[in-house]
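Visitor: Okay, handing you the structure first.
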Amino acid sequence: MKKNVAVVCGGDSGEFEISLKSGKVVKTNLDPEKYNAYLVVIKGAAWRVLLDDGLSVPVDKNDFSVSIQGEKLTFDVVFNAIHGTPGEDGKLPGYLDMLGIPHTGSSHVVAAVTFNKHFCKQVVASRGVSLANAQLIRKGQLVSPEAVIASLGLPVFVKPNSNGSSVGVSKVNEINELMPALEKAFTEDTEALVESYIKGREIGCGVFDYKGRKIVFPLTEIISKKEFFDYEAKYSPGMSDEITPAPVDENTEIEIKAMAADLYSHLGCKGIVRFDFILTENDIYFLEVNTIPGLSAASIVPQQAKTMGISLPELFGMAVENALSVHH
């Protein structure tokens, strides 16, 4: 029996379009011999299944089913391809867990903790991993730019505390840029994280626990042609160079991979996850974790999988099989 797979994408963040792209790539690459894949687009309260003829039908949120030409269709498994809320912050996983529907990503608790950069850093710090100095600032809080800069130095990065994809992120080089940067972050979230700048190389590492066996993907070095790896650099062709495998020495490679694998277990991640680090001359700093990384062919984890000889149909099929096996 073919399994019905709901590939859920879209969402309510600035990453809607990127998620849609990821979702379409997943749907296209799931083996039609094994799966009936359906694209489910979520935006606010509108949850719709896009049919191949261009029409769409609403999802019944009572049991996450749809009615197609009078036939009720339920899903065996959900492939979660939503970057940002509600897919990556735990809301959708929590809903699916309540209905008992298996899904490809982490649990609602893990998703919520890892999506909150401040909380995530506390958990990561408990493993003795190096982190940039940072301050959490809440909307409406009185801020002394002088005190912040005295504590963290310049330049600093200002980012929404819970948001992906570098939306609302600024690099602050002068003290007078701090408040506007905070305002920008607050358009995306009620909390902002101000982090001291660490000069180094950005390295991404994908990890995937497949049926109890941990796959650690080759490392990727991300070289932005802009001042930092912002939204434009991330998603515009030619704005960043991504080199897989990353040109690092063997000891560094082993250390970064071991750190990523350890954090995956320690945080309790499930599915395909990407960890980002900053490599300096004498240390490795944890930057962030993406529990739902980009999944288009040009995205980092698919590039890493390809380097290992794992094609997109294989990678996505493994993610679905894994979700089904973990659930039973």
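Letters for chains follow the order of the structure tokens (A, B, ...), residue numbers begin at 1 for each chain, and ligand numbers begin at 1 in the order shown.
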Would you pick out the contacts of Met98 of chain A at 12 Å or less, using only C-alpha atoms, so that residues sharing its chain but fewer than 5 positions from it are not included, and give the list as a PyMOL selection string?

Guide: chain A and resi 61-64+91-93+103+107-108

Visitor: Please list as JSON, numbers by chain every residue within 8 Å of segment 74-77 of chain A, counting only C-alpha atoms and excluding residues in the same chain fewer than 3 positions away.

Guide: {"A": [3, 4, 5, 6, 64, 65, 66, 101, 102, 103, 104, 320, 323, 324]}

Visitor: Hey, what does DSSP flag as helix (DSSP H, G or I) within segment 3-164 of chain A? Can you give it to me as a PyMOL selection string?

Guide: chain A and resi 16-29+91-99+108-115+117-125+145-152

Visitor: Looking at only C-alpha atoms, which of A:Pro155, A:Pro247, A:Gly168, A:Gly294 is the one that sits closest to Glu17 of chain A?

Guide: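 Looking at the shortest contact to Glu17 of chain A, the residue is A:Gly294.
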
Visitor: Which of these residues is nearest to His118 of chain A, using only C-alpha atoms: A:Leu30, A:Ile278, A:Ile223, A:Leu131?

Guide: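 Among A:Leu30, A:Ile278, A:Ile223, A:Leu131, it is A:Leu131 that comes nearest to His118 of chain A.
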
Visitor: Quote the spacing between atom CA of Ser106 of chain A and atom CA of Pro86 of chain A in Å to one decimal place.

Guide: 12.9 Å

Visitor: Taking the chain letters and numbering used in this document, name the residues of segment 32-221 of chain A that DSSP puts in strand (DSSP E or B), as a count of residues only.

Guide: 67

Visitor: Considering only C-alpha atoms, return as a VMD selection string whatever protein or nucleic-acid residues lie within 8 Å of Asp12 of chain A, sequence-local ones (same chain, fewer than 5 positions apart) excluded.

Guide: chain A and resid 42 to 44 84 to 86

Visitor: Counting only C-alpha atoms, what is within 9 Å of Val143 of chain A, bar same-chain residues fewer than 5 positions away, as a list in words?

Guide: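 Listed by chain and then number, they are Ile137, Val148 and Met179 of chain A.
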
Visitor: Select, from A:Lys171, A:Lys159, A:Lys27, A:His83, the residue with the minimum atom-to-atom distance to Asp189 of chain A, counting only C-alpha atoms.

Guide: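 Using only C-alpha atoms, the shortest distance to Asp189 of chain A belongs to A:Lys159.
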
Visitor: Env of Asn80 of chain A: 6 Å cut, atoms = only C-alpha atoms, seq-sep filter 2 positions within chain, self excluded. Answer as a ChimeraX atom specification.

Guide: /A:8,78,82,104

Visitor: Can you pull out every residue within 12 Å of Gly153 of chain A, counting only C-alpha atoms, but drop anything in the same chain fewer than 6 positions away, and send it as a PyMOL selection string?

Guide: chain A and resi 132-135+145-147+172-175+178+194-198

Visitor: Got time to write the residues from that selection, all heavy atoms, as a short mmCIF file (atom, residue, chain, number, x, y, z; two decimals), in the first residue's frame?

Guide:
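Everything below was put into result_2.cif:
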```
data_model
loop_
_atom_site.label_atom_id
_atom_site.label_comp_id
_atom_site.auth_asym_id
_atom_site.auth_seq_id
_atom_site.Cartn_x
_atom_site.Cartn_y
_atom_site.Cartn_z
N ALA A 132 29.02 33.04 21.40
CA ALA A 132 29.25 34.49 21.42
C ALA A 132 28.56 35.07 22.66
O ALA A 132 27.52 34.59 23.08
CB ALA A 132 28.64 35.12 20.16
N ASN A 133 29.16 36.11 23.25
CA ASN A 133 28.49 36.81 24.35
C ASN A 133 27.23 37.47 23.79
O ASN A 133 27.24 37.98 22.67
CB ASN A 133 29.41 37.88 24.94
CG ASN A 133 30.57 37.23 25.67
OD1 ASN A 133 30.42 36.17 26.27
ND2 ASN A 133 31.73 37.85 25.61
N ALA A 134 26.18 37.45 24.58
CA ALA A 134 24.91 37.97 24.06
C ALA A 134 24.04 38.56 25.17
O ALA A 134 24.24 38.26 26.35
CB ALA A 134 24.13 36.84 23.37
N GLN A 135 23.12 39.43 24.77
CA GLN A 135 22.11 39.96 25.69
C GLN A 135 20.74 39.81 25.04
O GLN A 135 20.58 40.11 23.86
CB GLN A 135 22.37 41.44 25.98
CG GLN A 135 23.46 41.68 27.00
CD GLN A 135 23.51 43.13 27.44
OE1 GLN A 135 22.56 43.89 27.26
NE2 GLN A 135 24.64 43.53 28.02
N PRO A 145 22.15 51.92 25.06
CA PRO A 145 23.08 51.46 24.03
C PRO A 145 24.52 51.42 24.55
O PRO A 145 25.28 50.49 24.24
CB PRO A 145 22.93 52.49 22.91
CG PRO A 145 21.55 53.03 23.08
CD PRO A 145 21.31 53.05 24.57
N GLU A 146 24.87 52.41 25.38
CA GLU A 146 26.25 52.48 25.92
C GLU A 146 26.56 51.23 26.75
O GLU A 146 27.63 50.63 26.61
CB GLU A 146 26.44 53.74 26.78
CG GLU A 146 26.43 55.06 26.00
CD GLU A 146 25.04 55.48 25.52
OE1 GLU A 146 24.03 55.02 26.12
OE2 GLU A 146 24.95 56.24 24.54
N ALA A 147 25.60 50.85 27.60
CA ALA A 147 25.82 49.68 28.46
C ALA A 147 25.93 48.39 27.64
O ALA A 147 26.78 47.53 27.91
CB ALA A 147 24.69 49.56 29.48
N VAL A 172 25.62 45.70 13.41
CA VAL A 172 25.75 47.05 13.94
C VAL A 172 27.23 47.37 14.13
O VAL A 172 27.93 46.71 14.90
CB VAL A 172 24.99 47.15 15.30
CG1 VAL A 172 25.30 48.46 16.00
CG2 VAL A 172 23.50 46.99 15.07
N ASN A 173 27.70 48.37 13.40
CA ASN A 173 29.12 48.76 13.49
C ASN A 173 29.34 49.99 14.36
O ASN A 173 30.44 50.21 14.86
CB ASN A 173 29.69 49.01 12.08
CG ASN A 173 29.70 47.75 11.24
OD1 ASN A 173 30.31 46.75 11.62
ND2 ASN A 173 29.00 47.77 10.11
N GLU A 174 28.29 50.81 14.49
CA GLU A 174 28.39 52.06 15.27
C GLU A 174 27.29 52.07 16.33
O GLU A 174 26.19 51.55 16.09
CB GLU A 174 28.17 53.29 14.36
CG GLU A 174 29.04 53.34 13.11
CD GLU A 174 30.45 53.78 13.44
OE1 GLU A 174 30.63 54.47 14.46
OE2 GLU A 174 31.38 53.41 12.69
N ILE A 175 27.57 52.70 17.46
CA ILE A 175 26.62 52.69 18.58
C ILE A 175 25.25 53.26 18.19
O ILE A 175 24.21 52.77 18.64
CB ILE A 175 27.23 53.41 19.81
CG1 ILE A 175 26.39 53.10 21.07
CG2 ILE A 175 27.35 54.90 19.59
CD1 ILE A 175 27.11 53.41 22.37
N LEU A 178 22.42 50.90 16.90
CA LEU A 178 21.85 49.83 17.74
C LEU A 178 20.33 49.92 17.87
O LEU A 178 19.62 48.94 17.66
CB LEU A 178 22.50 49.82 19.13
CG LEU A 178 22.01 48.70 20.05
CD1 LEU A 178 22.45 47.34 19.53
CD2 LEU A 178 22.50 48.88 21.48
N VAL A 194 21.14 40.41 21.08
CA VAL A 194 22.30 41.18 20.63
C VAL A 194 23.54 40.34 20.93
O VAL A 194 23.78 39.98 22.07
CB VAL A 194 22.39 42.54 21.36
CG1 VAL A 194 23.53 43.39 20.79
CG2 VAL A 194 21.08 43.30 21.25
N GLU A 195 24.27 39.99 19.88
CA GLU A 195 25.41 39.10 20.04
C GLU A 195 26.70 39.76 19.60
O GLU A 195 26.74 40.44 18.57
CB GLU A 195 25.23 37.83 19.18
CG GLU A 195 24.19 36.89 19.67
CD GLU A 195 24.11 35.61 18.83
OE1 GLU A 195 24.37 35.65 17.61
OE2 GLU A 195 23.78 34.57 19.40
N SER A 196 27.77 39.51 20.36
CA SER A 196 29.07 40.05 19.95
C SER A 196 29.52 39.34 18.67
O SER A 196 29.20 38.18 18.44
CB SER A 196 30.10 39.90 21.06
OG SER A 196 30.22 38.57 21.44
N TYR A 197 30.23 40.08 17.85
CA TYR A 197 30.68 39.58 16.56
C TYR A 197 31.90 38.69 16.75
O TYR A 197 32.83 39.02 17.49
CB TYR A 197 31.04 40.77 15.67
CG TYR A 197 31.74 40.42 14.39
CD1 TYR A 197 31.05 39.80 13.34
CD2 TYR A 197 33.09 40.73 14.18
CE1 TYR A 197 31.68 39.50 12.15
CE2 TYR A 197 33.73 40.43 12.98
CZ TYR A 197 33.02 39.80 11.98
OH TYR A 197 33.65 39.50 10.80
N ILE A 198 31.88 37.54 16.10
CA ILE A 198 33.05 36.65 16.13
C ILE A 198 33.58 36.53 14.73
O ILE A 198 32.88 36.09 13.82
CB ILE A 198 32.66 35.27 16.68
CG1 ILE A 198 32.25 35.40 18.15
CG2 ILE A 198 33.82 34.29 16.58
CD1 ILE A 198 31.49 34.24 18.66
#
```

Visitor: Could you check how far atom CA of Ser67 of chain A sits from atom CA of Leu50 of chain A, in Å to one decimal?

Guide: 12.3 Å

Visitor: Counting only C-alpha atoms, what is within 10 Å of Ile215 of chain A, bar same-chain residues fewer than 2 positions away, as a list of chain:residue names?

Guide: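 Once the nearby chain positions are removed, what remains is A:Gly206, A:Val207, A:Phe208, A:Asp209, A:Tyr210, A:Gly212, A:Arg213, A:Phe217, A:Pro218, A:Ala261, A:Ile272, A:Ala305.
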
Visitor: Please produce an output containing all heavy atoms for each residue in the selection, written as a PDB file, in the first residue's frame.

Guide:
```pdb
ATOM      1  N   GLY A 206      25.093  19.109   8.609  1.00  0.00           N
ATOM      2  CA  GLY A 206      23.802  18.427   8.714  1.00  0.00           C
ATOM      3  C   GLY A 206      23.937  17.132   9.498  1.00  0.00           C
ATOM      4  O   GLY A 206      24.958  16.437   9.406  1.00  0.00           O
ATOM      5  N   VAL A 207      22.910  16.811  10.279  1.00  0.00           N
ATOM      6  CA  VAL A 207      22.878  15.561  11.043  1.00  0.00           C
ATOM      7  C   VAL A 207      21.475  14.961  10.897  1.00  0.00           C
ATOM      8  O   VAL A 207      20.482  15.679  10.890  1.00  0.00           O
ATOM      9  CB  VAL A 207      23.178  15.799  12.552  1.00  0.00           C
ATOM     10  CG1 VAL A 207      23.227  14.471  13.305  1.00  0.00           C
ATOM     11  CG2 VAL A 207      24.477  16.570  12.747  1.00  0.00           C
ATOM     12  N   PHE A 208      21.427  13.633  10.796  1.00  0.00           N
ATOM     13  CA  PHE A 208      20.146  12.949  10.601  1.00  0.00           C
ATOM     14  C   PHE A 208      20.231  11.582  11.275  1.00  0.00           C
ATOM     15  O   PHE A 208      21.056  10.764  10.904  1.00  0.00           O
ATOM     16  CB  PHE A 208      19.901  12.817   9.092  1.00  0.00           C
ATOM     17  CG  PHE A 208      18.678  12.036   8.684  1.00  0.00           C
ATOM     18  CD1 PHE A 208      17.540  11.965   9.482  1.00  0.00           C
ATOM     19  CD2 PHE A 208      18.653  11.373   7.452  1.00  0.00           C
ATOM     20  CE1 PHE A 208      16.415  11.256   9.075  1.00  0.00           C
ATOM     21  CE2 PHE A 208      17.525  10.661   7.037  1.00  0.00           C
ATOM     22  CZ  PHE A 208      16.407  10.603   7.853  1.00  0.00           C
ATOM     23  N   ASP A 209      19.409  11.373  12.279  1.00  0.00           N
ATOM     24  CA  ASP A 209      19.368  10.064  12.928  1.00  0.00           C
ATOM     25  C   ASP A 209      18.374   9.212  12.161  1.00  0.00           C
ATOM     26  O   ASP A 209      17.163   9.405  12.252  1.00  0.00           O
ATOM     27  CB  ASP A 209      18.946  10.223  14.398  1.00  0.00           C
ATOM     28  CG  ASP A 209      19.133   8.927  15.174  1.00  0.00           C
ATOM     29  OD1 ASP A 209      18.726   7.871  14.648  1.00  0.00           O
ATOM     30  OD2 ASP A 209      19.687   8.959  16.289  1.00  0.00           O
ATOM     31  N   TYR A 210      18.902   8.278  11.375  1.00  0.00           N
ATOM     32  CA  TYR A 210      18.054   7.447  10.519  1.00  0.00           C
ATOM     33  C   TYR A 210      17.920   6.054  11.123  1.00  0.00           C
ATOM     34  O   TYR A 210      18.873   5.284  11.154  1.00  0.00           O
ATOM     35  CB  TYR A 210      18.650   7.375   9.109  1.00  0.00           C
ATOM     36  CG  TYR A 210      17.873   6.487   8.165  1.00  0.00           C
ATOM     37  CD1 TYR A 210      16.555   6.790   7.836  1.00  0.00           C
ATOM     38  CD2 TYR A 210      18.451   5.351   7.610  1.00  0.00           C
ATOM     39  CE1 TYR A 210      15.828   5.977   6.973  1.00  0.00           C
ATOM     40  CE2 TYR A 210      17.730   4.530   6.744  1.00  0.00           C
ATOM     41  CZ  TYR A 210      16.423   4.845   6.430  1.00  0.00           C
ATOM     42  OH  TYR A 210      15.697   4.048   5.584  1.00  0.00           O
ATOM     43  N   GLY A 212      17.916   5.028  14.115  1.00  0.00           N
ATOM     44  CA  GLY A 212      18.874   4.728  15.178  1.00  0.00           C
ATOM     45  C   GLY A 212      20.335   4.841  14.774  1.00  0.00           C
ATOM     46  O   GLY A 212      21.233   4.673  15.595  1.00  0.00           O
ATOM     47  N   ARG A 213      20.588   5.143  13.499  1.00  0.00           N
ATOM     48  CA  ARG A 213      21.978   5.296  13.054  1.00  0.00           C
ATOM     49  C   ARG A 213      22.191   6.762  12.679  1.00  0.00           C
ATOM     50  O   ARG A 213      21.462   7.297  11.854  1.00  0.00           O
ATOM     51  CB  ARG A 213      22.225   4.406  11.838  1.00  0.00           C
ATOM     52  CG  ARG A 213      23.679   4.329  11.399  1.00  0.00           C
ATOM     53  CD  ARG A 213      23.835   3.214  10.370  1.00  0.00           C
ATOM     54  NE  ARG A 213      23.115   3.504   9.134  1.00  0.00           N
ATOM     55  CZ  ARG A 213      23.649   4.149   8.092  1.00  0.00           C
ATOM     56  NH1 ARG A 213      24.881   4.612   8.128  1.00  0.00           N
ATOM     57  NH2 ARG A 213      22.931   4.349   6.996  1.00  0.00           N
ATOM     58  N   PHE A 217      26.574  14.590   7.949  1.00  0.00           N
ATOM     59  CA  PHE A 217      26.887  14.953   6.563  1.00  0.00           C
ATOM     60  C   PHE A 217      28.232  15.684   6.457  1.00  0.00           C
ATOM     61  O   PHE A 217      28.726  16.211   7.459  1.00  0.00           O
ATOM     62  CB  PHE A 217      25.766  15.835   5.998  1.00  0.00           C
ATOM     63  CG  PHE A 217      24.449  15.131   5.854  1.00  0.00           C
ATOM     64  CD1 PHE A 217      23.440  15.301   6.794  1.00  0.00           C
ATOM     65  CD2 PHE A 217      24.202  14.290   4.771  1.00  0.00           C
ATOM     66  CE1 PHE A 217      22.211  14.651   6.669  1.00  0.00           C
ATOM     67  CE2 PHE A 217      22.970  13.638   4.636  1.00  0.00           C
ATOM     68  CZ  PHE A 217      21.986  13.811   5.588  1.00  0.00           C
ATOM     69  N   PRO A 218      28.792  15.746   5.250  1.00  0.00           N
ATOM     70  CA  PRO A 218      30.023  16.528   5.064  1.00  0.00           C
ATOM     71  C   PRO A 218      29.792  17.992   5.431  1.00  0.00           C
ATOM     72  O   PRO A 218      28.659  18.483   5.346  1.00  0.00           O
ATOM     73  CB  PRO A 218      30.313  16.400   3.561  1.00  0.00           C
ATOM     74  CG  PRO A 218      29.560  15.186   3.113  1.00  0.00           C
ATOM     75  CD  PRO A 218      28.357  15.095   3.996  1.00  0.00           C
ATOM     76  N   ALA A 261      26.947  16.163  16.213  1.00  0.00           N
ATOM     77  CA  ALA A 261      26.278  14.908  16.578  1.00  0.00           C
ATOM     78  C   ALA A 261      25.895  14.904  18.056  1.00  0.00           C
ATOM     79  O   ALA A 261      24.805  14.465  18.434  1.00  0.00           O
ATOM     80  CB  ALA A 261      27.188  13.719  16.261  1.00  0.00           C
ATOM     81  N   ILE A 272      16.010  15.618   9.872  1.00  0.00           N
ATOM     82  CA  ILE A 272      17.185  16.246   9.255  1.00  0.00           C
ATOM     83  C   ILE A 272      17.365  17.638   9.850  1.00  0.00           C
ATOM     84  O   ILE A 272      16.468  18.464   9.782  1.00  0.00           O
ATOM     85  CB  ILE A 272      16.999  16.336   7.723  1.00  0.00           C
ATOM     86  CG1 ILE A 272      16.801  14.939   7.124  1.00  0.00           C
ATOM     87  CG2 ILE A 272      18.199  17.040   7.080  1.00  0.00           C
ATOM     88  CD1 ILE A 272      16.250  14.933   5.702  1.00  0.00           C
ATOM     89  N   ALA A 305      24.269  15.972   1.237  1.00  0.00           N
ATOM     90  CA  ALA A 305      23.814  14.603   0.966  1.00  0.00           C
ATOM     91  C   ALA A 305      24.330  14.129  -0.394  1.00  0.00           C
ATOM     92  O   ALA A 305      24.798  12.992  -0.543  1.00  0.00           O
ATOM     93  CB  ALA A 305      22.290  14.533   1.013  1.00  0.00           C
TER      94      ALA A 305
END
```

Visitor: So what do you get for atom CA of Tyr38 of chain A versus atom CA of Val301 of chain A, distance-wise?

Guide: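 Atom CA of Val301 of chain A lies 22.6 Å from atom CA of Tyr38 of chain A.
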
Visitor: Just checking: using only C-alpha atoms, which residue out of A:Ala37, A:Met1, A:Val167, A:Leu267 ends up closest to Gly14 of chain A?

Guide: A:Val167

Visitor: Smallest atom-to-atom distance to Gly271 of chain A: which of A:Glu183, A:Asp60, A:Asp53, A:Glu321, using only C-alpha atoms?

Guide: A:Glu321

Visitor: Find the residue from A:Ile243, A:Ser130, A:Leu154, A:Ile292 that sits nearest to Phe277 of chain A; use only C-alpha atoms when measuring.

Guide: A:Ser130
